[in-house]
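Encoded as structure tokens, the structure appears first; notes follow it.
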Amino acid sequence: MTTERAKKTARSRRQFLADTAKAACGVGVFGLVLGLAARQAQSLPPVALRPPGAGAEADFLGACIRCGLCVRDCPYPTLRLSNLGEDVAVGTPYFVAREYPCEMCDDIPCVAACPTGALDPKLTNIDNARMGLAVLVDEETCLNFLGLRCDVCYRVCPVIDKAITLERSGNQRTHKHAMFIPTVHSEHCTGCGKCERSCVLDKAAIRVFPVALAKGQLGAHYRLGWKEKEREGHELVPGIIDLPDRLPQMPGAGLGNPGGKP
Amino acid sequence: MKPGQRPGQEAIAAKGRFAAFKWLILRRAVQAAVLGLFLLGPLAGLWLVKGNLASSLTLDILPLTDPYVLVQTLVTGHLPETAAVLGAVIVALFYVLVGGRAYCAWVCPVNPVTDAAHWLRDRLGLKGGMQFRRGTRYWVLAMTLVVAALTGTVAWELANPVSMVFRGLVFGMGFAWAVLAAVFLFDLFVSRRGWCGHLCPVGAFYGLLGAVSLLRVSARRRADCNDCMDCYAVCPEPQVINPALKGADQGASPVILSAQCTNCGRCIDVCSKDVFTFAARPDRREDSKTGAARDSSLRDAA
Ligand code: SF4
Ligand code: SF4
Ligand code: SF4
Ligand code: SF4
Ligand code: SF4
């Protein structure tokens with residue numbers, strides 16, 4: 001009788017352990033898939049820009065609860081929530097500069113609406129927003145690079161003359177005219193996307209990318225001589241050796257044909 | 001219910017069609033009204049409520065936040081602003097009053113779909129399928145939090161059918177219907193009441209809130225029960241009924257204490273003897289319409 005019962009409890013205990021292991025494995029596999037999906041979702045496509053005040057993508061995906069209140073309070077058709085099937089993590093707010101840029105509202109209603117702080121409430125001056133960074137990606141088609149005076153991206157910039165300037169240089173094709181090269185300065189560009197939106201080409205020559213994609217980084221050991229000089233008041237290495245300058249090259253000259261003889 | 005009869009026939013005969021569906025109708029009306037309030041803005045430009053179930057702002061003053069999604073952001077290491085925290089506290093307190101899984105029965109947009117799957121499964125007479133251990137949903141709940149902590153992102157929201165469907169309805173569907181279809185087919189063919197009854201971590205989370213909730217269903221007239229079993233047939237969590245309905249001999253409370261009861265009130269509808277009623281948790285009163293003295297030995301023999 002007692003052995004019978006002991007057998008029974010042993011069996012039910014075994015059953016219990018087996019069931020528990022099964023449940024744990026099933027849920028564990030599900031968790032693994034979910035974790036991988038979460039990893040995948042952290043890669044933001046280059047055209048997707050986050051609203052003002054959003055932190056780094058990994059932080060933003062932990063902070064945003066996908067409520068859409070920012071979308072609702074944006075007075076323009078700028079922001080939208082990602083749908084299932086899009087490349088942006090489902091339910092999160094973003095905009096595409098070429099479709100509708102951020103108008104850089106003074107009162108930043110999207111940030112004010114965010115209940116979680118995923119859009120940082122410490123952002124009170126929209127000029128400090130860093131939604132992305134404009135990059136002139138195609139010098140071959142930009143009209144100003146071709147020697148014309150389009151200037152549209154420059155003129156529409158809300159931070160004109162700081163975020164984007166026109167840098168004058170000589171036209172190497174005509175040797176007569178000047179070129180005005182649109183030049184973006186990362187310390188002022190908010191990434192609003194107005195330049196990309198307004199570029200007159202069929203496909204924009206200037207584009208706004210998430211900052212992580214658009215910005216390079218110097219090695220930590222680099223020192224810029226002229227900056228150091230400015231800081232110290234004198235050259236860091238006095239009497240630096242002067243290397244011989246390379247001669248101006250003849251037409252047709254190259255490393256394989258010094259002097260440019262035929 | 002007699003063999004070959006659908007549950008609820010006796011109640012319709014005894015109480016009339018409306019009374020036999022009262023809470024179901026009310027529940028569908030509330031589900032539609034919640035969705036309607038959110039849709040007034042995008043469809044009619046009347047912004048009484050903004051946002052979605054994850055977080056909303058009503059009349060530009062009342063913040064409401066889903067406490068479960070807030071807990072997920074917390075474990076990713078993000079400290080939310082006051083608006084979200086306040087909203088979550090209000091919602092949590094509300095469900096502690098009206099029953100945690102009242103969220104499932106009265107608000108969740110997936111509920112009508114899984115109910116439909118269950119109805120169809122019964123109609124088609126589909127049997128068998130995948131079985132889950134009791135409490136699997138708590139494993140899933142824990143898993144969502146662990147993954148959130150490990151990845152630092154609100155990972156479950158990449159898959160959560162509840163928020164995806166509601167957000168889809170209010171902000172644009174995308175492929176969210178596919179997730180809904182998956183849940184429907186899963187409940188129809190793979191596992192009886194599989195999603196809401198065994199897996200959904202949202203329901204599990206709200207169930208935990210309901211472990212202490214005030215509003216409950218009580219089998220107050222359990223002495224009148226004629227063992228038709230209709231309540232078991234319609235309840236989305238039938239295991240919660242037994243201790244209250246059949247526990248008189250063990251001195252158990254007539255109140256359904258299980259956190260898994262969704263307070264849907266279907267058992268109240270479907271009982272021709274009016275055994276069930278809504279009651280407060282500590283309210284252990286019992287009475288009987290027929291005044292029938294309980295004779296358990298007789299009933300057991302029957
Ligand atoms: S700053 Fe204004 S335009 Fe830009 S996203 Fe926010 S609300 Fe929209
Ligand atoms: S308001 Fe904040 S939490 Fe809500 S979707 Fe926008 S960024 Fe995310
Ligand atoms: S994105 Fe373009 S328009 Fe906007 S601030 Fe930067 S340079 Fe100016
Ligand atoms: S708007 Fe386009 S084409 Fe014109 S200058 Fe700017 S980048 Fe070049
Ligand atoms: S268990 Fe989940 S899906 Fe089902 S009704 Fe509750 S919250 Fe909705």
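By convention here, the chains of the structure tokens are called A, B, ... in the order presented, each chain's residues are numbered starting at 1, and ligands are numbered starting at 1 in the order presented.
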Per residue of chain B within 9 Å of ligand 2, which atom pair is closest and at what distance in Å (one decimal), using only C-alpha atoms and all ligand atoms, listed by chain and increasing number, as a tab-separated table?
```
residue	atom	partner	partner_atom_place_in_ligand_line	distance
B:Gly51	CA	ligand 2	4 (Fe)	7.8
B:Ala54	CA	ligand 2	4 (Fe)	8.3
B:Ser55	CA	ligand 2	4 (Fe)	7.1
B:Ser56	CA	ligand 2	4 (Fe)	8.8
B:Ala84	CA	ligand 2	3 (S)	8.8
```
Output file for the selection above: C-alpha atoms, as a compact mmCIF listing (two decimals), in the first residue's frame:
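Listing of out.txt after writing:
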```
# COMPACT_ATOMS: atom_id res chain seq x y z
CA GLY B 51 -2.77 58.06 -27.44
CA ALA B 54 -0.04 51.98 -23.61
CA SER B 55 -0.50 55.56 -22.49
CA SER B 56 -3.21 58.12 -23.08
CA ALA B 84 3.67 57.96 -17.00
```
Exercise for review: Excluding A:Ala63 and residues on its chain fewer than 3 positions from it, collect all residues at most 12 Å away from it, counting only C-alpha atoms, and give them as an MDAnalysis selection string.
Suggested key: (chainID A and resid 53:60 66:67 92 114:120) or (chainID B and resid 69:81 84 148 152:155 157)
**Study point:** Non-local contacts of B:Phe166 (12 Å; only C-alpha atoms; under 2 positions in same chain excluded) as a PyMOL selection string
**Key:** (chain A and resi 66-68+83+91) or (chain B and resi 31-32+34-36+38-39+51-55+107-111+160-164+168-174+176-177+179-180)
Taking only C-alpha atoms into account, find every residue of chain A that has an atom no more than 10 Å from chain B, and write it out as a short mmCIF file (atom, residue, chain, number, x, y, z; two decimals) with C-alpha atoms, in the first residue's frame.
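Dumped everything to part10.cif:
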```cif
data_model
loop_
_atom_site.label_atom_id
_atom_site.label_comp_id
_atom_site.auth_asym_id
_atom_site.auth_seq_id
_atom_site.Cartn_x
_atom_site.Cartn_y
_atom_site.Cartn_z
CA PHE A 16 5.79 17.46 -12.61
CA ASP A 19 6.11 19.29 -17.38
CA THR A 20 8.03 22.09 -15.75
CA LYS A 22 8.85 21.44 -21.00
CA ALA A 23 7.22 24.73 -20.08
CA ALA A 24 10.56 26.31 -19.23
CA GLY A 26 9.15 26.39 -24.57
CA VAL A 27 9.12 29.76 -22.90
CA GLY A 28 12.91 29.93 -23.09
CA VAL A 29 12.89 29.39 -26.84
CA PHE A 30 10.21 32.02 -27.23
CA GLY A 31 12.34 34.38 -25.14
CA LEU A 32 15.37 33.70 -27.29
CA VAL A 33 13.46 34.49 -30.47
CA LEU A 34 12.13 37.64 -28.87
CA GLY A 35 15.60 38.68 -27.75
CA LEU A 36 16.99 38.18 -31.26
CA ALA A 37 14.10 40.17 -32.70
CA ALA A 38 14.87 42.94 -30.22
CA ARG A 39 18.50 42.96 -31.33
CA ALA A 41 15.00 45.97 -34.20
CA GLN A 42 17.82 48.14 -32.89
CA GLU A 57 18.53 54.20 -30.45
CA ALA A 58 19.15 51.48 -27.86
CA ASP A 59 18.08 53.78 -25.02
CA PHE A 60 15.09 55.07 -26.94
CA LEU A 61 13.81 51.54 -27.52
CA GLY A 62 13.91 50.95 -23.78
CA ALA A 63 12.20 54.20 -22.87
CA CYS A 64 9.47 54.64 -25.48
CA ILE A 65 6.23 52.80 -24.71
CA ARG A 66 4.78 53.31 -28.20
CA CYS A 67 1.84 55.41 -27.07
CA GLY A 68 1.84 57.83 -29.98
CA LEU A 69 1.15 60.92 -27.86
CA CYS A 70 4.08 62.68 -29.57
CA VAL A 71 2.51 61.89 -32.93
CA ARG A 72 -0.83 63.29 -31.81
CA ASP A 73 0.61 66.58 -30.57
CA ARG A 80 4.12 58.67 -37.44
CA LEU A 81 4.18 55.36 -35.58
CA SER A 82 5.88 52.49 -37.30
CA ASN A 83 3.51 49.75 -38.43
CA LEU A 84 4.23 46.05 -38.30
CA GLY A 85 6.11 45.20 -41.47
CA GLU A 86 8.16 48.41 -41.59
CA ALA A 89 10.77 48.92 -34.41
CA VAL A 90 7.00 48.47 -34.46
CA GLY A 91 4.98 51.17 -32.72
CA THR A 92 7.81 53.68 -32.33
CA ALA A 113 3.50 65.27 -24.83
CA CYS A 114 5.84 62.37 -24.12
CA PRO A 115 4.79 60.81 -20.79
CA THR A 116 7.87 58.66 -20.29
CA GLY A 117 10.75 61.00 -20.99
CA ALA A 118 11.76 58.92 -24.03
CA ASP A 120 14.01 64.19 -23.10
CA PRO A 121 12.08 67.00 -21.35
#
```
Each residue of chain A with at least one atom at most 6 Å from ligand 1 should appear once, together with its nearest atom pair and the corresponding distance in Å (one decimal); atoms considered: only C-alpha atoms and all ligand atoms; ordering: chain, then increasing residue number; output as JSON lines.
```
{"residue": "A:Pro51", "atom": "CA", "partner": "ligand 1", "partner_atom_place_in_ligand_line": "5 (S)", "distance": 5.1}
{"residue": "A:Cys74", "atom": "CA", "partner": "ligand 1", "partner_atom_place_in_ligand_line": "7 (S)", "distance": 3.6}
{"residue": "A:Pro75", "atom": "CA", "partner": "ligand 1", "partner_atom_place_in_ligand_line": "7 (S)", "distance": 5.8}
{"residue": "A:Tyr76", "atom": "CA", "partner": "ligand 1", "partner_atom_place_in_ligand_line": "3 (S)", "distance": 5.6}
{"residue": "A:Thr78", "atom": "CA", "partner": "ligand 1", "partner_atom_place_in_ligand_line": "8 (Fe)", "distance": 5.6}
{"residue": "A:Leu79", "atom": "CA", "partner": "ligand 1", "partner_atom_place_in_ligand_line": "5 (S)", "distance": 5.9}
{"residue": "A:Cys102", "atom": "CA", "partner": "ligand 1", "partner_atom_place_in_ligand_line": "4 (Fe)", "distance": 3.7}
{"residue": "A:Glu103", "atom": "CA", "partner": "ligand 1", "partner_atom_place_in_ligand_line": "3 (S)", "distance": 4.0}
{"residue": "A:Met104", "atom": "CA", "partner": "ligand 1", "partner_atom_place_in_ligand_line": "1 (S)", "distance": 4.1}
{"residue": "A:Cys105", "atom": "CA", "partner": "ligand 1", "partner_atom_place_in_ligand_line": "2 (Fe)", "distance": 4.1}
{"residue": "A:Ile108", "atom": "CA", "partner": "ligand 1", "partner_atom_place_in_ligand_line": "1 (S)", "distance": 4.6}
{"residue": "A:Pro109", "atom": "CA", "partner": "ligand 1", "partner_atom_place_in_ligand_line": "7 (S)", "distance": 4.8}
{"residue": "A:Cys110", "atom": "CA", "partner": "ligand 1", "partner_atom_place_in_ligand_line": "7 (S)", "distance": 4.4}
```
Report as CSV: every residue of stretch 31-123 of chain B with an atom at most 12 Å from stretch 216-238 of chain B, its closest pair of atoms, and their distance in Å to one decimal, counting only C-alpha atoms, with rows sorted by chain and ascending residue number.
```
residue,atom,partner,partner_atom,distance
B:Tyr95,CA,B:Arg216,CA,11.5
B:Val96,CA,B:Arg216,CA,10.7
B:Leu97,CA,B:Arg216,CA,9.4
B:Val98,CA,B:Arg216,CA,7.7
B:Gly99,CA,B:Arg216,CA,6.7
B:Gly100,CA,B:Arg216,CA,10.1
B:Arg101,CA,B:Arg216,CA,10.7
B:Ala102,CA,B:Arg216,CA,9.9
B:Cys104,CA,B:Pro236,CA,10.4
B:Ala105,CA,B:Pro236,CA,9.5
B:Asn111,CA,B:Pro236,CA,10.2
B:Pro112,CA,B:Pro236,CA,11.8
B:Thr114,CA,B:Pro236,CA,9.8
B:Asp115,CA,B:Pro236,CA,8.4
B:Ala116,CA,B:Pro236,CA,11.8
B:Ala117,CA,B:Pro236,CA,11.9
B:His118,CA,B:Pro236,CA,9.0
B:Trp119,CA,B:Val234,CA,9.3
B:Asp122,CA,B:Ala233,CA,9.8
```
Practice item. Record the distance separating atom CA of B:Ile61 and atom CA of A:Pro77, expressed in Å with one decimal. Key: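 Pair atom CA of B:Ile61 / atom CA of A:Pro77 returns 23.9 Å.
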Check your understanding: Can I get the residues close to ligand 3 as a count of residues only, where close means within 8 Å and we count only C-alpha atoms and all ligand atoms?
Key -> 26
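You will find atom CA of B:Thr262 at 10.5 Å from atom CA of B:Cys196.
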Practice item. Determine which residues of stretch 35-159 of chain A receive a DSSP assignment of strand (DSSP E), computed from the backbone, and state them as number ranges by chain. Key: A: 48-49, 80-81, 93-96, 133-136
Write the selection just made, keeping C-alpha atoms, as a short mmCIF file (atom, residue, chain, number, x, y, z; two decimals), in the first residue's frame?
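File produced: out32.cif:
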```cif
data_model
loop_
_atom_site.label_atom_id
_atom_site.label_comp_id
_atom_site.auth_asym_id
_atom_site.auth_seq_id
_atom_site.Cartn_x
_atom_site.Cartn_y
_atom_site.Cartn_z
CA ALA A 48 14.20 57.01 -40.34
CA LEU A 49 14.75 59.91 -37.96
CA ARG A 80 4.12 58.67 -37.44
CA LEU A 81 4.18 55.36 -35.58
CA PRO A 93 7.59 57.26 -33.67
CA TYR A 94 9.79 58.44 -36.54
CA PHE A 95 9.81 60.66 -39.58
CA VAL A 96 11.25 60.60 -43.08
CA LEU A 133 22.88 65.16 -39.32
CA ALA A 134 22.72 66.49 -42.86
CA VAL A 135 25.33 65.19 -45.27
CA LEU A 136 25.87 66.36 -48.84
#
```
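Distance-wise, atom CA of B:Ile12 and atom CA of B:Ala279 end up 23.4 Å apart.
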Exercise for review: Excluding A:Ala204 and residues on its chain fewer than 5 positions from it, collect all residues at most 9 Å away from it, counting only C-alpha atoms, and give them as a VMD selection string.
Suggested key: chain A and resid 98 136 to 138 141 to 142 195 to 199
Exercise for review: Can you list, as a PyMOL selection string, all residues belonging to stretch 4-198 of chain B that DSSP tags as helix (DSSP H, G or I)?
Suggested key: chain B and resi 9-15+17-44+67-76+82-98+102-106+111-123+136-151+155-158+161-171+176-190+194-198
With C-alpha atoms retained, could you export that selection as a CSV table (one decimal), in the first residue's frame?
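Contents of out-v3.csv, freshly written:
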```csv
chain,number,residue,atom,x,y,z
B,9,GLN,CA,-30.6,27.4,-23.4
B,10,GLU,CA,-32.0,26.9,-19.9
B,11,ALA,CA,-31.2,30.4,-18.9
B,12,ILE,CA,-32.9,31.8,-22.0
B,13,ALA,CA,-35.9,29.7,-21.2
B,14,ALA,CA,-35.9,30.8,-17.6
B,15,LYS,CA,-35.0,34.4,-17.8
B,17,ARG,CA,-33.0,36.3,-24.1
B,18,PHE,CA,-31.9,39.7,-22.8
B,19,ALA,CA,-31.3,38.7,-19.2
B,20,ALA,CA,-29.4,35.6,-20.5
B,21,PHE,CA,-26.9,37.8,-22.4
B,22,LYS,CA,-27.0,41.0,-20.2
B,23,TRP,CA,-23.4,41.1,-19.1
B,24,LEU,CA,-22.1,39.9,-22.4
B,25,ILE,CA,-23.9,42.7,-24.2
B,26,LEU,CA,-22.7,45.2,-21.7
B,27,ARG,CA,-19.2,44.0,-22.0
B,28,ARG,CA,-19.1,44.2,-25.8
B,29,ALA,CA,-20.6,47.7,-25.5
B,30,VAL,CA,-17.8,48.8,-23.1
B,31,GLN,CA,-15.1,47.2,-25.3
B,32,ALA,CA,-16.6,49.1,-28.3
B,33,ALA,CA,-16.9,52.3,-26.3
B,34,VAL,CA,-13.3,52.3,-25.2
B,35,LEU,CA,-12.2,51.8,-28.8
B,36,GLY,CA,-14.7,54.4,-29.9
B,37,LEU,CA,-13.3,57.1,-27.5
B,38,PHE,CA,-9.9,56.6,-29.0
B,39,LEU,CA,-11.2,56.7,-32.5
B,40,LEU,CA,-13.2,59.9,-32.0
B,41,GLY,CA,-10.0,61.9,-32.5
B,42,PRO,CA,-8.6,60.4,-35.7
B,43,LEU,CA,-12.1,59.8,-37.3
B,44,ALA,CA,-14.1,62.8,-36.1
B,67,PRO,CA,1.4,49.5,-15.7
B,68,TYR,CA,2.7,46.4,-17.5
B,69,VAL,CA,4.4,48.3,-20.3
B,70,LEU,CA,5.8,50.7,-17.7
B,71,VAL,CA,7.2,47.9,-15.6
B,72,GLN,CA,8.9,46.7,-18.9
B,73,THR,CA,10.6,50.1,-19.4
B,74,LEU,CA,11.6,50.2,-15.8
B,75,VAL,CA,13.5,46.9,-16.1
B,76,THR,CA,15.3,48.2,-19.2
B,82,THR,CA,6.0,61.5,-13.5
B,83,ALA,CA,3.2,61.6,-16.1
B,84,ALA,CA,3.7,58.0,-17.0
B,85,VAL,CA,4.2,56.8,-13.4
B,86,LEU,CA,1.1,58.7,-12.2
B,87,GLY,CA,-0.9,57.2,-15.1
B,88,ALA,CA,0.2,53.7,-14.2
B,89,VAL,CA,-0.7,54.1,-10.6
B,90,ILE,CA,-4.2,55.3,-11.5
B,91,VAL,CA,-4.7,52.4,-13.8
B,92,ALA,CA,-3.4,49.9,-11.3
B,93,LEU,CA,-5.6,51.2,-8.5
B,94,PHE,CA,-8.6,51.1,-10.8
B,95,TYR,CA,-8.0,47.4,-11.6
B,96,VAL,CA,-7.4,46.6,-7.9
B,97,LEU,CA,-10.9,47.9,-7.4
B,98,VAL,CA,-12.7,46.3,-10.3
B,102,ALA,CA,-11.5,42.9,-15.9
B,103,TYR,CA,-9.0,44.4,-18.3
B,104,CYS,CA,-9.3,41.2,-20.3
B,105,ALA,CA,-13.0,41.0,-20.3
B,106,TRP,CA,-13.9,44.6,-20.7
B,111,ASN,CA,-10.8,39.3,-26.2
B,112,PRO,CA,-13.6,39.3,-28.8
B,113,VAL,CA,-11.3,37.5,-31.2
B,114,THR,CA,-10.3,34.7,-28.9
B,115,ASP,CA,-13.9,34.5,-27.7
B,116,ALA,CA,-15.0,34.1,-31.3
B,117,ALA,CA,-12.3,31.4,-31.8
B,118,HIS,CA,-13.6,29.6,-28.8
B,119,TRP,CA,-17.2,29.8,-30.0
B,120,LEU,CA,-16.2,28.5,-33.4
B,121,ARG,CA,-14.1,25.7,-31.9
B,122,ASP,CA,-17.1,24.6,-29.9
B,123,ARG,CA,-19.4,24.8,-32.9
B,136,THR,CA,2.7,28.9,-18.0
B,137,ARG,CA,1.6,32.5,-18.5
B,138,TYR,CA,3.6,33.6,-15.5
B,139,TRP,CA,6.7,32.0,-17.0
B,140,VAL,CA,5.9,34.0,-20.2
B,141,LEU,CA,5.4,37.1,-18.1
B,142,ALA,CA,8.8,36.6,-16.3
B,143,MET,CA,10.4,35.9,-19.7
B,144,THR,CA,9.2,39.2,-21.1
B,145,LEU,CA,10.8,41.1,-18.2
B,146,VAL,CA,14.1,39.1,-18.4
B,147,VAL,CA,14.4,39.8,-22.2
B,148,ALA,CA,13.6,43.5,-21.6
B,149,ALA,CA,16.4,43.6,-18.9
B,150,LEU,CA,18.9,41.7,-21.1
B,151,THR,CA,18.3,43.7,-24.3
B,155,ALA,CA,11.2,43.7,-26.5
B,156,TRP,CA,7.7,42.2,-25.8
B,157,GLU,CA,6.1,45.2,-27.6
B,158,LEU,CA,7.6,43.8,-30.8
B,161,PRO,CA,-0.8,41.3,-30.0
B,162,VAL,CA,-2.8,43.3,-27.5
B,163,SER,CA,-1.0,46.6,-27.9
B,164,MET,CA,-0.3,46.0,-31.6
B,165,VAL,CA,-4.0,45.5,-32.4
B,166,PHE,CA,-5.2,48.4,-30.4
B,167,ARG,CA,-2.5,50.7,-31.8
B,168,GLY,CA,-3.3,49.4,-35.2
B,169,LEU,CA,-7.0,50.3,-34.9
B,170,VAL,CA,-6.2,53.8,-33.7
B,171,PHE,CA,-3.0,54.6,-35.6
B,176,ALA,CA,-1.0,43.8,-37.2
B,177,TRP,CA,-4.1,41.9,-38.5
B,178,ALA,CA,-1.7,39.0,-39.2
B,179,VAL,CA,-0.8,38.8,-35.5
B,180,LEU,CA,-4.5,38.8,-34.7
B,181,ALA,CA,-5.2,36.1,-37.3
B,182,ALA,CA,-2.4,34.1,-35.8
B,183,VAL,CA,-3.9,34.3,-32.3
B,184,PHE,CA,-7.3,33.4,-33.7
B,185,LEU,CA,-6.1,30.3,-35.6
B,186,PHE,CA,-4.0,29.3,-32.6
B,187,ASP,CA,-7.0,29.3,-30.3
B,188,LEU,CA,-9.2,27.7,-33.0
B,189,PHE,CA,-7.0,24.8,-34.1
B,190,VAL,CA,-4.0,24.4,-31.8
B,194,GLY,CA,-4.7,28.7,-25.6
B,195,TRP,CA,-3.7,32.4,-25.8
B,196,CYS,CA,-5.8,34.2,-23.2
B,197,GLY,CA,-6.2,31.1,-20.9
B,198,HIS,CA,-2.6,30.0,-20.8
```
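Checking A:Leu146, A:Leu44, A:Ile126, A:Ala10 one by one against A:Asp87, counting only C-alpha atoms, you find the shortest gap at A:Leu44.
Residue nearest A:Val237 within the list A:Gly225, A:Ala129, A:Gln172, A:Lys8: A:Gly225 [criterion: smallest interatomic distance, only C-alpha atoms].
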Revision key, fill the gap. Restricting to only C-alpha atoms, whichever of A:Arg231, A:Ser43, A:Glu187, A:Arg5 is closest to A:Lys215 is A:Glu187
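Among B:Gly16, B:Gly45, B:Pro201, B:Gly125, the residue with the shortest atom-to-atom distance to ligand 5, counting only C-alpha atoms and all ligand atoms, is B:Pro201.
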